[in-house]
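S.K.: This is the content of my_file-v8.tsv (TSV, N, CA and C atoms):
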chain	number	residue	atom	x	y	z
D	1	MET	N	95.46	115.56	36.04
D	1	MET	CA	95.49	115.09	34.67
D	1	MET	C	94.12	115.33	34.04
D	2	SER	N	94.15	115.78	32.80
D	2	SER	CA	92.88	116.06	32.13
D	2	SER	C	92.14	114.77	31.82
D	3	LYS	N	90.83	114.90	31.74
D	3	LYS	CA	89.98	113.74	31.43
D	3	LYS	C	90.32	113.18	30.05
D	4	ILE	N	90.61	114.07	29.10
D	4	ILE	CA	90.92	113.62	27.74
D	4	ILE	C	92.21	112.82	27.71
D	5	ILE	N	93.25	113.32	28.37
D	5	ILE	CA	94.52	112.60	28.42
D	5	ILE	C	94.33	111.24	29.11
D	6	LYS	N	93.59	111.22	30.20
D	6	LYS	CA	93.33	109.97	30.92
D	6	LYS	C	92.59	108.97	30.02
D	7	THR	N	91.58	109.44	29.31
D	7	THR	CA	90.83	108.58	28.39
D	7	THR	C	91.76	108.02	27.31
D	8	LEU	N	92.60	108.87	26.74
D	8	LEU	CA	93.52	108.41	25.69
D	8	LEU	C	94.52	107.40	26.24
D	9	GLN	N	95.03	107.63	27.43
D	9	GLN	CA	95.95	106.66	28.04
D	9	GLN	C	95.25	105.33	28.29
D	10	ASP	N	94.02	105.38	28.76
D	10	ASP	CA	93.25	104.14	28.98
D	10	ASP	C	93.03	103.40	27.67
D	11	GLU	N	92.72	104.15	26.62
D	11	GLU	CA	92.51	103.53	25.32
D	11	GLU	C	93.81	102.97	24.76
D	12	HIS	N	94.91	103.67	24.98
D	12	HIS	CA	96.21	103.14	24.55
D	12	HIS	C	96.49	101.80	25.25
D	13	ALA	N	96.19	101.74	26.53
D	13	ALA	CA	96.40	100.49	27.29
D	13	ALA	C	95.50	99.38	26.74
D	14	ALA	N	94.26	99.73	26.40
D	14	ALA	CA	93.33	98.73	25.85
D	14	ALA	C	93.81	98.23	24.49
D	15	LEU	N	94.29	99.12	23.62
D	15	LEU	CA	94.81	98.72	22.32
D	15	LEU	C	96.02	97.81	22.50
D	16	THR	N	96.89	98.17	23.41
D	16	THR	CA	98.09	97.36	23.69
D	16	THR	C	97.70	95.98	24.20
D	17	SER	N	96.67	95.92	25.03
D	17	SER	CA	96.19	94.65	25.55
D	17	SER	C	95.67	93.75	24.43
D	18	VAL	N	94.92	94.32	23.51
D	18	VAL	CA	94.41	93.52	22.38
D	18	VAL	C	95.58	93.01	21.54
D	19	LEU	N	96.57	93.87	21.31
D	19	LEU	CA	97.75	93.44	20.56
D	19	LEU	C	98.46	92.28	21.26
D	20	THR	N	98.56	92.37	22.57
D	20	THR	CA	99.19	91.28	23.35
D	20	THR	C	98.40	89.99	23.19
D	21	ASN	N	97.07	90.10	23.27
D	21	ASN	CA	96.22	88.91	23.11
D	21	ASN	C	96.35	88.31	21.71
D	22	ILE	N	96.46	89.17	20.71
D	22	ILE	CA	96.64	88.67	19.33
D	22	ILE	C	97.96	87.91	19.25
D	23	SER	N	99.02	88.51	19.79
D	23	SER	CA	100.33	87.87	19.68
D	23	SER	C	100.39	86.54	20.42
D	24	LYS	N	99.54	86.35	21.42
D	24	LYS	CA	99.50	85.09	22.17
D	24	LYS	C	98.56	84.06	21.54
D	25	SER	N	97.74	84.49	20.59
D	25	SER	CA	96.77	83.58	20.00
D	25	SER	C	97.40	82.75	18.88
D	26	GLU	N	96.70	81.68	18.54
D	26	GLU	CA	97.19	80.78	17.50
D	26	GLU	C	97.07	81.43	16.12
D	27	PHE	N	98.15	81.35	15.35
D	27	PHE	CA	98.19	81.92	14.01
D	27	PHE	C	97.06	81.33	13.16
D	28	HIS	N	96.34	82.18	12.45
D	28	HIS	CA	95.23	81.80	11.55
D	28	HIS	C	94.03	81.19	12.27
D	29	SER	N	93.89	81.39	13.57
D	29	SER	CA	92.73	80.83	14.28
D	29	SER	C	91.55	81.79	14.20
D	30	PRO	N	90.32	81.26	14.35
D	30	PRO	CA	89.13	82.13	14.37
D	30	PRO	C	89.20	83.16	15.50
D	31	GLU	N	89.76	82.77	16.64
D	31	GLU	CA	89.87	83.69	17.78
D	31	GLU	C	90.79	84.87	17.43
D	32	ARG	N	91.85	84.56	16.73
D	32	ARG	CA	92.80	85.61	16.33
D	32	ARG	C	92.13	86.60	15.37
D	33	LEU	N	91.35	86.08	14.44
D	33	LEU	CA	90.64	86.94	13.50
D	33	LEU	C	89.66	87.85	14.25
D	34	GLU	N	88.97	87.31	15.24
D	34	GLU	CA	88.05	88.12	16.05
D	34	GLU	C	88.81	89.22	16.80
D	35	LEU	N	90.00	88.89	17.28
D	35	LEU	CA	90.81	89.89	17.97
D	35	LEU	C	91.25	91.00	17.01
D	36	PHE	N	91.56	90.64	15.78
D	36	PHE	CA	91.90	91.67	14.78
D	36	PHE	C	90.69	92.57	14.53
D	37	LYS	N	89.50	92.00	14.47
D	37	LYS	CA	88.28	92.80	14.29
D	37	LYS	C	88.08	93.73	15.49
D	38	THR	N	88.31	93.20	16.69
D	38	THR	CA	88.20	94.01	17.90
D	38	THR	C	89.21	95.16	17.87
D	39	LEU	N	90.42	94.86	17.45
D	39	LEU	CA	91.46	95.89	17.35
D	39	LEU	C	91.05	96.98	16.37
D	40	ARG	N	90.51	96.58	15.22
D	40	ARG	CA	90.11	97.57	14.22
D	40	ARG	C	89.02	98.48	14.78
D	41	THR	N	88.01	97.90	15.39
D	41	THR	CA	86.91	98.68	15.96
D	41	THR	C	87.42	99.65	17.03
D	42	ALA	N	88.28	99.15	17.91
D	42	ALA	CA	88.82	99.99	18.98
D	42	ALA	C	89.70	101.10	18.42
D	43	LEU	N	90.48	100.79	17.40
D	43	LEU	CA	91.37	101.79	16.80
D	43	LEU	C	90.58	102.91	16.13
D	44	VAL	N	89.52	102.56	15.42
D	44	VAL	CA	88.69	103.57	14.77
D	44	VAL	C	88.03	104.47	15.82
D	45	ALA	N	87.45	103.88	16.85
D	45	ALA	CA	86.81	104.67	17.91
D	45	ALA	C	87.83	105.57	18.61
D	46	HIS	N	89.01	105.02	18.90
D	46	HIS	CA	90.06	105.79	19.56
D	46	HIS	C	90.48	106.98	18.70
D	47	THR	N	90.69	106.74	17.43
D	47	THR	CA	91.15	107.79	16.53
D	47	THR	C	90.08	108.87	16.36
D	48	GLU	N	88.83	108.49	16.29
D	48	GLU	CA	87.75	109.49	16.20
D	48	GLU	C	87.74	110.38	17.44
D	49	TYR	N	87.91	109.79	18.61
D	49	TYR	CA	87.97	110.55	19.86
D	49	TYR	C	89.18	111.47	19.85
D	50	GLU	N	90.32	110.94	19.43
D	50	GLU	CA	91.55	111.72	19.37
D	50	GLU	C	91.40	112.95	18.47
D	51	VAL	N	90.86	112.74	17.30
D	51	VAL	CA	90.70	113.84	16.35
D	51	VAL	C	89.76	114.90	16.93
D	52	LYS	N	88.67	114.47	17.50
D	52	LYS	CA	87.66	115.41	18.00
D	52	LYS	C	88.13	116.20	19.22
D	53	TYR	N	88.76	115.54	20.17
D	53	TYR	CA	89.07	116.19	21.44
D	53	TYR	C	90.54	116.52	21.65
D	54	PHE	N	91.42	115.91	20.91
D	54	PHE	CA	92.84	116.08	21.17
D	54	PHE	C	93.53	116.81	20.02
D	55	TYR	N	93.46	116.26	18.81
D	55	TYR	CA	94.18	116.87	17.70
D	55	TYR	C	93.65	118.24	17.33
D	56	ASP	N	92.37	118.48	17.46
D	56	ASP	CA	91.84	119.80	17.14
D	56	ASP	C	92.43	120.88	18.03
D	57	VAL	N	92.65	120.56	19.30
D	57	VAL	CA	93.29	121.53	20.20
D	57	VAL	C	94.70	121.83	19.72
D	58	LEU	N	95.43	120.78	19.35
D	58	LEU	CA	96.80	120.97	18.86
D	58	LEU	C	96.81	121.73	17.53
D	59	LYS	N	95.93	121.33	16.64
D	59	LYS	CA	95.90	121.93	15.31
D	59	LYS	C	95.58	123.43	15.37
D	60	ASN	N	94.75	123.81	16.29
D	60	ASN	CA	94.32	125.21	16.40
D	60	ASN	C	95.26	126.08	17.21
D	61	ASN	N	96.36	125.50	17.69
D	61	ASN	CA	97.32	126.27	18.46
D	61	ASN	C	98.46	126.69	17.55
D	62	SER	N	98.61	127.99	17.35
D	62	SER	CA	99.61	128.50	16.42
D	62	SER	C	101.03	128.41	16.96
D	63	ASP	N	101.19	128.13	18.26
D	63	ASP	CA	102.53	128.06	18.86
D	63	ASP	C	103.22	126.72	18.64
D	64	ILE	N	102.55	125.79	18.01
D	64	ILE	CA	103.12	124.45	17.85
D	64	ILE	C	104.19	124.47	16.77
D	65	ASP	N	105.29	123.87	17.10
D	65	ASP	CA	106.42	123.72	16.20
D	65	ASP	C	105.96	123.03	14.91
D	66	GLU	N	106.46	123.51	13.76
D	66	GLU	CA	106.04	122.97	12.46
D	66	GLU	C	106.35	121.48	12.31
D	67	GLU	N	107.51	121.05	12.83
D	67	GLU	CA	107.88	119.64	12.76
D	67	GLU	C	106.89	118.78	13.55
D	68	LEU	N	106.51	119.25	14.72
D	68	LEU	CA	105.54	118.53	15.54
D	68	LEU	C	104.16	118.51	14.87
D	69	ARG	N	103.80	119.62	14.25
D	69	ARG	CA	102.53	119.69	13.52
D	69	ARG	C	102.50	118.63	12.42
D	70	ASN	N	103.62	118.48	11.71
D	70	ASN	CA	103.70	117.46	10.66
D	70	ASN	C	103.53	116.06	11.22
D	71	VAL	N	104.04	115.83	12.43
D	71	VAL	CA	103.92	114.51	13.05
D	71	VAL	C	102.46	114.13	13.19
D	72	PHE	N	101.63	115.02	13.73
D	72	PHE	CA	100.25	114.60	13.94
D	72	PHE	C	99.34	114.86	12.75
D	73	GLU	N	99.73	115.73	11.84
D	73	GLU	CA	98.87	115.96	10.68
D	73	GLU	C	99.16	114.98	9.54
D	74	ASP	N	100.42	114.62	9.37
D	74	ASP	CA	100.79	113.79	8.23
D	74	ASP	C	101.21	112.38	8.65
D	75	ASP	N	102.21	112.31	9.48
D	75	ASP	CA	102.80	111.02	9.83
D	75	ASP	C	101.80	110.10	10.52
D	76	LEU	N	101.11	110.60	11.53
D	76	LEU	CA	100.18	109.75	12.27
D	76	LEU	C	98.99	109.36	11.41
D	77	ILE	N	98.52	110.27	10.59
D	77	ILE	CA	97.40	109.95	9.70
D	77	ILE	C	97.81	108.88	8.69
D	78	HIS	N	99.02	109.01	8.15
D	78	HIS	CA	99.52	108.03	7.19
D	78	HIS	C	99.63	106.64	7.82
D	79	THR	N	100.23	106.57	9.02
D	79	THR	CA	100.38	105.26	9.67
D	79	THR	C	99.03	104.69	10.07
D	80	TYR	N	98.09	105.56	10.46
D	80	TYR	CA	96.74	105.11	10.79
D	80	TYR	C	96.10	104.46	9.57
D	81	LYS	N	96.20	105.11	8.42
D	81	LYS	CA	95.61	104.56	7.19
D	81	LYS	C	96.27	103.25	6.80
D	82	GLN	N	97.60	103.18	6.92
D	82	GLN	CA	98.30	101.92	6.61
D	82	GLN	C	97.85	100.80	7.54
D	83	THR	N	97.71	101.12	8.81
D	83	THR	CA	97.29	100.11	9.79
D	83	THR	C	95.88	99.63	9.50
D	84	LEU	N	94.98	100.57	9.21
D	84	LEU	CA	93.60	100.18	8.87
D	84	LEU	C	93.56	99.33	7.60
D	85	ASP	N	94.35	99.72	6.61
D	85	ASP	CA	94.40	98.93	5.37
D	85	ASP	C	94.86	97.50	5.65
D	86	THR	N	95.87	97.38	6.49
D	86	THR	CA	96.38	96.05	6.85
D	86	THR	C	95.31	95.25	7.58
D	87	LEU	N	94.65	95.89	8.56
D	87	LEU	CA	93.59	95.20	9.29
D	87	LEU	C	92.44	94.82	8.37
D	88	ASP	N	92.05	95.71	7.47
D	88	ASP	CA	90.97	95.41	6.53
D	88	ASP	C	91.32	94.20	5.65
D	89	THR	N	92.56	94.13	5.21
D	89	THR	CA	93.00	93.00	4.38
D	89	THR	C	92.95	91.70	5.18
D	90	ILE	N	93.43	91.74	6.42
D	90	ILE	CA	93.39	90.55	7.27
D	90	ILE	C	91.95	90.08	7.46
D	91	ILE	N	91.06	91.02	7.77
D	91	ILE	CA	89.66	90.68	8.03
D	91	ILE	C	88.99	90.17	6.75
D	92	GLU	N	89.26	90.83	5.62
D	92	GLU	CA	88.65	90.42	4.36
D	92	GLU	C	89.10	89.03	3.92
D	93	LEU	N	90.40	88.76	4.05
D	93	LEU	CA	90.93	87.47	3.63
D	93	LEU	C	90.72	86.37	4.68
D	94	GLY	N	90.49	86.81	5.93
D	94	GLY	CA	90.32	85.85	7.00
D	94	GLY	C	91.63	85.29	7.51
D	95	GLN	N	92.72	85.88	7.08
D	95	GLN	CA	94.04	85.45	7.54
D	95	GLN	C	95.04	86.58	7.33
D	96	GLU	N	96.14	86.48	8.02
D	96	GLU	CA	97.18	87.50	7.90
D	96	GLU	C	98.38	86.96	7.14
D	97	ASN	N	99.16	87.86	6.63
D	97	ASN	CA	100.43	87.51	5.99
D	97	ASN	C	101.54	87.59	7.04
D	98	ASP	N	102.64	86.90	6.78
D	98	ASP	CA	103.80	87.02	7.66
D	98	ASP	C	104.18	88.50	7.75
D	99	GLY	N	104.41	88.95	8.94
D	99	GLY	CA	104.85	90.33	9.14
D	99	GLY	C	103.73	91.32	9.41
D	100	ASP	N	102.47	90.95	9.16
D	100	ASP	CA	101.36	91.88	9.40
D	100	ASP	C	101.27	92.29	10.87
D	101	LEU	N	101.32	91.31	11.76
D	101	LEU	CA	101.20	91.63	13.18
D	101	LEU	C	102.37	92.48	13.65
D	102	GLU	N	103.57	92.15	13.21
D	102	GLU	CA	104.74	92.94	13.59
D	102	GLU	C	104.60	94.38	13.11
D	103	PHE	N	104.09	94.57	11.89
D	103	PHE	CA	103.87	95.91	11.36
D	103	PHE	C	102.87	96.67	12.23
D	104	ILE	N	101.76	96.02	12.55
D	104	ILE	CA	100.72	96.68	13.35
D	104	ILE	C	101.25	97.03	14.74
D	105	ILE	N	101.94	96.10	15.36
D	105	ILE	CA	102.49	96.36	16.69
D	105	ILE	C	103.47	97.53	16.64
D	106	LYS	N	104.35	97.53	15.65
D	106	LYS	CA	105.34	98.61	15.56
D	106	LYS	C	104.68	99.95	15.31
D	107	THR	N	103.76	100.02	14.35
D	107	THR	CA	103.17	101.32	14.03
D	107	THR	C	102.33	101.85	15.19
D	108	LEU	N	101.55	100.98	15.82
D	108	LEU	CA	100.73	101.45	16.95
D	108	LEU	C	101.60	101.80	18.16
D	109	SER	N	102.62	101.01	18.42
D	109	SER	CA	103.52	101.31	19.54
D	109	SER	C	104.24	102.63	19.32
D	110	ASP	N	104.73	102.85	18.10
D	110	ASP	CA	105.40	104.11	17.79
D	110	ASP	C	104.44	105.29	17.93
D	111	ARG	N	103.23	105.11	17.44
D	111	ARG	CA	102.23	106.18	17.52
D	111	ARG	C	101.90	106.51	18.97
D	112	ILE	N	101.70	105.50	19.79
D	112	ILE	CA	101.40	105.71	21.20
D	112	ILE	C	102.56	106.43	21.88
D	113	GLN	N	103.77	106.01	21.58
D	113	GLN	CA	104.94	106.64	22.19
D	113	GLN	C	105.05	108.11	21.80
D	114	ILE	N	104.85	108.42	20.53
D	114	ILE	CA	104.91	109.81	20.06
D	114	ILE	C	103.84	110.65	20.75
D	115	GLU	N	102.64	110.13	20.82
D	115	GLU	CA	101.56	110.88	21.45
D	115	GLU	C	101.86	111.13	22.92
D	116	GLU	N	102.22	110.08	23.64
D	116	GLU	CA	102.38	110.23	25.09
D	116	GLU	C	103.64	111.02	25.45
D	117	LYS	N	104.70	110.85	24.68
D	117	LYS	CA	105.94	111.54	25.00
D	117	LYS	C	105.98	112.97	24.47
D	118	ASN	N	105.50	113.18	23.26
D	118	ASN	CA	105.63	114.48	22.60
D	118	ASN	C	104.35	115.30	22.57
D	119	LEU	N	103.23	114.65	22.29
D	119	LEU	CA	102.00	115.42	22.07
D	119	LEU	C	101.22	115.69	23.34
D	120	PHE	N	101.21	114.77	24.29
D	120	PHE	CA	100.47	115.01	25.54
D	120	PHE	C	100.98	116.25	26.26
D	121	PRO	N	102.31	116.44	26.40
D	121	PRO	CA	102.78	117.67	27.06
D	121	PRO	C	102.38	118.95	26.31
D	122	VAL	N	102.41	118.89	25.00
D	122	VAL	CA	102.00	120.07	24.21
D	122	VAL	C	100.51	120.35	24.41
D	123	TYR	N	99.71	119.29	24.42
D	123	TYR	CA	98.28	119.43	24.66
D	123	TYR	C	98.03	120.09	26.02
D	124	LYS	N	98.72	119.59	27.04
D	124	LYS	CA	98.56	120.15	28.40
D	124	LYS	C	98.93	121.62	28.42
D	125	ALA	N	100.00	121.99	27.73
D	125	ALA	CA	100.41	123.40	27.66
D	125	ALA	C	99.37	124.24	26.93
D	126	CYS	N	98.83	123.71	25.87
D	126	CYS	CA	97.78	124.44	25.11
D	126	CYS	C	96.56	124.68	26.00
D	127	LYS	N	96.15	123.64	26.70
D	127	LYS	CA	94.96	123.76	27.56
D	127	LYS	C	95.20	124.72	28.73
D	128	SER	N	96.42	124.79	29.24
D	128	SER	CA	96.71	125.67	30.38
D	128	SER	C	96.72	127.13	29.94
D	129	GLN	N	96.93	127.38	28.63
D	129	GLN	CA	96.92	128.75	28.13
D	129	GLN	C	95.51	129.25	27.82
D	130	GLN	N	94.56	128.37	27.81
D	130	GLN	CA	93.17	128.77	27.47
D	130	GLN	C	92.47	129.37	28.67
Reformat the file's structure so that it appears as C-alpha cells.
M.R.:
Amino acid sequence: MSKIIKTLQDEHAALTSVLTNISKSEFHSPERLELFKTLRTALVAHTEYEVKYFYDVLKNNSDIDEELRNVFEDDLIHTYKQTLDTLDTIIELGQENDGDLEFIIKTLSDRIQIEEKNLFPVYKACKSQQ
C-alpha cells in the first residue's frame, strides 16, 4: 500500500473518530464546540494533503473517466466548501443548528466512501503506470 493512501486512510479514521466524539458529546457544550474546531482543523489539513499528493495525480491522468473526474473536481470540492461553511457557522455562533451534525456526518462519510471505494483504486492504477 502506498504511503499516501495509508496516510489518507489514517486521516479518514481520525476524522471519523472526531465525528463519533462529537455525536457522543452534550449538545451545545463547550467540549462539543472544541471538537467542532478540532474537526475543522483536521479537515482543512487533510484536504490540503489530499489536493497536493492525491488529487493532482488523478487530475493529471488523462485516462480517468469524465464522470469520475467530475466527482473529485466538482462534487467533492462543493461538499468540502459546504462542510467548512457549516463548521465556520457553528464555531462563529458557538452553537449548532438542528441537523448540522447529521449533515456533516453524511457529507464526510459519503466523501470518504467515494474516495476509498472509487478514487483509491484509480490512484493506485495511475501510480503503477508511472
S.K.: Quick one: pick out all helix (DSSP H, G or I) residues within chain D from a backbone DSSP run and write them as JSON, numbers by chain.
M.R.: {"D": [3, 4, 5, 6, 7, 8, 9, 10, 11, 12, 13, 14, 15, 16, 17, 18, 19, 20, 21, 22, 23, 24, 30, 31, 32, 33, 34, 35, 36, 37, 38, 39, 40, 41, 42, 43, 44, 45, 46, 47, 48, 49, 50, 51, 52, 53, 54, 55, 56, 57, 58, 59, 66, 67, 68, 69, 70, 71, 72, 73, 74, 75, 76, 77, 78, 79, 80, 81, 82, 83, 84, 85, 86, 87, 88, 89, 90, 91, 92, 93, 100, 101, 102, 103, 104, 105, 106, 107, 108, 109, 110, 111, 112, 113, 114, 115, 116, 117, 118, 119, 120, 121, 122, 123, 124, 125, 126, 127, 128, 129]}
S.K.: Could you please determine the separation between CA of Leu84 in chain D and CA of Leu15 in chain D in Å, to one decimal place?
M.R.: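 Interatomic distance, CA of Leu84 in chain D to CA of Leu15 in chain D: 13.6 Å.
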S.K.: In Å, with one decimal, what is the gap from atom N of Ile90 in chain D to CA of Gln9 in chain D?
M.R.: 26.4 Å
S.K.: What is the atom N of Lys24 in chain D to atom N of Lys37 in chain D distance in Å?
M.R.: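 Taking atom N of Lys24 in chain D and atom N of Lys37 in chain D, their separation equals 13.5 Å.
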S.K.: Looking at D:Thr89, D:Thr47, D:Asn61, D:Thr107, which one is nearest to Thr7 in chain D, with distances taken over only C-alpha atoms?
M.R.: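 Looking only at the distances to Thr7 in chain D, the closest residue turns out to be D:Thr47.
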S.K.: If we count only C-alpha atoms, what is near Tyr53 in chain D at a cut-off of 12 Å, once residues fewer than 6 positions away on the same chain are taken out, given as an mmCIF file with N, CA and C atoms, in the frame of the given file?
M.R.:
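Wrote it out as out_32.cif, contents follow:
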data_model
loop_
_atom_site.group_PDB
_atom_site.id
_atom_site.type_symbol
_atom_site.label_atom_id
_atom_site.label_comp_id
_atom_site.auth_asym_id
_atom_site.auth_seq_id
_atom_site.Cartn_x
_atom_site.Cartn_y
_atom_site.Cartn_z
ATOM 1 N N SER D 2 94.150 115.780 32.800
ATOM 2 C CA SER D 2 92.880 116.060 32.130
ATOM 3 C C SER D 2 92.140 114.770 31.820
ATOM 4 N N LYS D 3 90.830 114.900 31.740
ATOM 5 C CA LYS D 3 89.980 113.740 31.430
ATOM 6 C C LYS D 3 90.320 113.180 30.050
ATOM 7 N N ILE D 4 90.610 114.070 29.100
ATOM 8 C CA ILE D 4 90.920 113.620 27.740
ATOM 9 C C ILE D 4 92.210 112.820 27.710
ATOM 10 N N ILE D 5 93.250 113.320 28.370
ATOM 11 C CA ILE D 5 94.520 112.600 28.420
ATOM 12 C C ILE D 5 94.330 111.240 29.110
ATOM 13 N N THR D 7 91.580 109.440 29.310
ATOM 14 C CA THR D 7 90.830 108.580 28.390
ATOM 15 C C THR D 7 91.760 108.020 27.310
ATOM 16 N N LEU D 8 92.600 108.870 26.740
ATOM 17 C CA LEU D 8 93.520 108.410 25.690
ATOM 18 C C LEU D 8 94.520 107.400 26.240
ATOM 19 N N HIS D 46 89.010 105.020 18.900
ATOM 20 C CA HIS D 46 90.060 105.790 19.560
ATOM 21 C C HIS D 46 90.480 106.980 18.700
ATOM 22 N N THR D 47 90.690 106.740 17.430
ATOM 23 C CA THR D 47 91.150 107.790 16.530
ATOM 24 C C THR D 47 90.080 108.870 16.360
ATOM 25 N N LYS D 59 95.930 121.330 16.640
ATOM 26 C CA LYS D 59 95.900 121.930 15.310
ATOM 27 C C LYS D 59 95.580 123.430 15.370
ATOM 28 N N ASN D 60 94.750 123.810 16.290
ATOM 29 C CA ASN D 60 94.320 125.210 16.400
ATOM 30 C C ASN D 60 95.260 126.080 17.210
ATOM 31 N N TYR D 123 99.710 119.290 24.420
ATOM 32 C CA TYR D 123 98.280 119.430 24.660
ATOM 33 C C TYR D 123 98.030 120.090 26.020
ATOM 34 N N LYS D 127 96.150 123.640 26.700
ATOM 35 C CA LYS D 127 94.960 123.760 27.560
ATOM 36 C C LYS D 127 95.200 124.720 28.730
#
S.K.: Any chance you could work out the axis-aligned box around range 56-62 of chain D, listed atoms only, 5 Å on each side, giving centre and edge lengths in Å to one decimal, as AutoDock Vina command-line options?
M.R.:
--center_x 96.4 --center_y 123.5 --center_z 17.8 --size_x 19.2 --size_y 20.0 --size_z 14.9
S.K.: Hey, what's within 8 Å of Ile104 in chain D if we count all atoms listed in the file and toss same-chain stuff fewer than 6 positions away? As a VMD selection string, please?
M.R.: chain D and resid 19 82 to 83 86 to 87 110
S.K.: Which protein, DNA or RNA residues are at most 7 Å from (104.7, 114.1, 18.9) in the file's coordinates when you count only N, CA and C atoms, listed as a compact mmCIF listing (two decimals) with N, CA and C atoms, in the coordinates of the input?
M.R.:
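Resulting contents of result_34.txt:
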# COMPACT_ATOMS: atom_id res chain seq x y z
N LEU D 68 106.51 119.25 14.72
CA LEU D 68 105.54 118.53 15.54
C LEU D 68 104.16 118.51 14.87
N VAL D 71 104.04 115.83 12.43
CA VAL D 71 103.92 114.51 13.05
C VAL D 71 102.46 114.13 13.19
N PHE D 72 101.63 115.02 13.73
CA PHE D 72 100.25 114.60 13.94
C PHE D 72 99.34 114.86 12.75
N GLN D 113 103.77 106.01 21.58
CA GLN D 113 104.94 106.64 22.19
C GLN D 113 105.05 108.11 21.80
N ILE D 114 104.85 108.42 20.53
CA ILE D 114 104.91 109.81 20.06
C ILE D 114 103.84 110.65 20.75
N GLU D 115 102.64 110.13 20.82
CA GLU D 115 101.56 110.88 21.45
C GLU D 115 101.86 111.13 22.92
N GLU D 116 102.22 110.08 23.64
CA GLU D 116 102.38 110.23 25.09
C GLU D 116 103.64 111.02 25.45
N LYS D 117 104.70 110.85 24.68
CA LYS D 117 105.94 111.54 25.00
C LYS D 117 105.98 112.97 24.47
N ASN D 118 105.50 113.18 23.26
CA ASN D 118 105.63 114.48 22.60
C ASN D 118 104.35 115.30 22.57
N LEU D 119 103.23 114.65 22.29
CA LEU D 119 102.00 115.42 22.07
C LEU D 119 101.22 115.69 23.34
N PHE D 120 101.21 114.77 24.29
CA PHE D 120 100.47 115.01 25.54
C PHE D 120 100.98 116.25 26.26
S.K.: Could you get me a file of range 70-117 of chain D with C-alpha atoms, as a compact mmCIF listing (two decimals), in the first residue's frame, taken from the block above?
M.R.:
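The resulting selection.txt:
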# COMPACT_ATOMS: atom_id res chain seq x y z
CA ASN D 70 -16.32 15.42 -12.06
CA VAL D 71 -16.65 13.60 -8.74
CA PHE D 72 -13.32 14.83 -7.42
CA GLU D 73 -13.15 18.16 -9.23
CA ASP D 74 -16.68 19.40 -8.62
CA ASP D 75 -18.70 17.27 -6.24
CA LEU D 76 -16.07 16.77 -3.55
CA ILE D 77 -14.96 20.40 -3.68
CA HIS D 78 -18.58 21.56 -3.37
CA THR D 79 -19.30 19.31 -0.37
CA TYR D 80 -15.99 20.35 1.22
CA LYS D 81 -16.96 24.02 0.95
CA GLN D 82 -20.45 23.34 2.33
CA THR D 83 -18.99 21.41 5.25
CA LEU D 84 -16.47 24.16 6.03
CA ASP D 85 -19.21 26.79 5.83
CA THR D 86 -21.31 24.79 8.28
CA LEU D 87 -18.37 24.33 10.64
CA ASP D 88 -17.47 28.03 10.41
CA THR D 89 -21.05 28.99 11.29
CA ILE D 90 -21.09 26.62 14.27
CA ILE D 91 -17.76 27.98 15.53
CA GLU D 92 -18.73 31.62 14.93
CA LEU D 93 -22.10 31.31 16.68
CA GLY D 94 -20.78 28.99 19.36
CA GLN D 95 -23.63 26.58 18.76
CA GLU D 96 -25.07 24.38 16.06
CA ASN D 97 -28.48 24.22 14.47
CA ASP D 98 -30.58 21.07 14.40
CA GLY D 99 -29.34 18.92 11.55
CA ASP D 100 -25.83 20.41 11.30
CA LEU D 101 -24.10 17.37 12.75
CA GLU D 102 -26.14 14.98 10.61
CA PHE D 103 -25.22 17.00 7.51
CA ILE D 104 -21.52 16.95 8.39
CA ILE D 105 -21.53 13.24 9.18
CA LYS D 106 -23.33 12.41 5.93
CA THR D 107 -21.18 14.58 3.68
CA LEU D 108 -17.89 13.43 5.20
CA SER D 109 -18.96 9.78 5.28
CA ASP D 110 -20.05 9.95 1.65
CA ARG D 111 -16.81 11.66 0.67
CA ILE D 112 -14.69 9.07 2.48
CA GLN D 113 -16.63 6.24 0.87
CA ILE D 114 -16.24 7.70 -2.64
CA GLU D 115 -12.53 8.23 -2.15
CA GLU D 116 -11.80 4.81 -0.69
CA LYS D 117 -14.09 2.84 -2.99
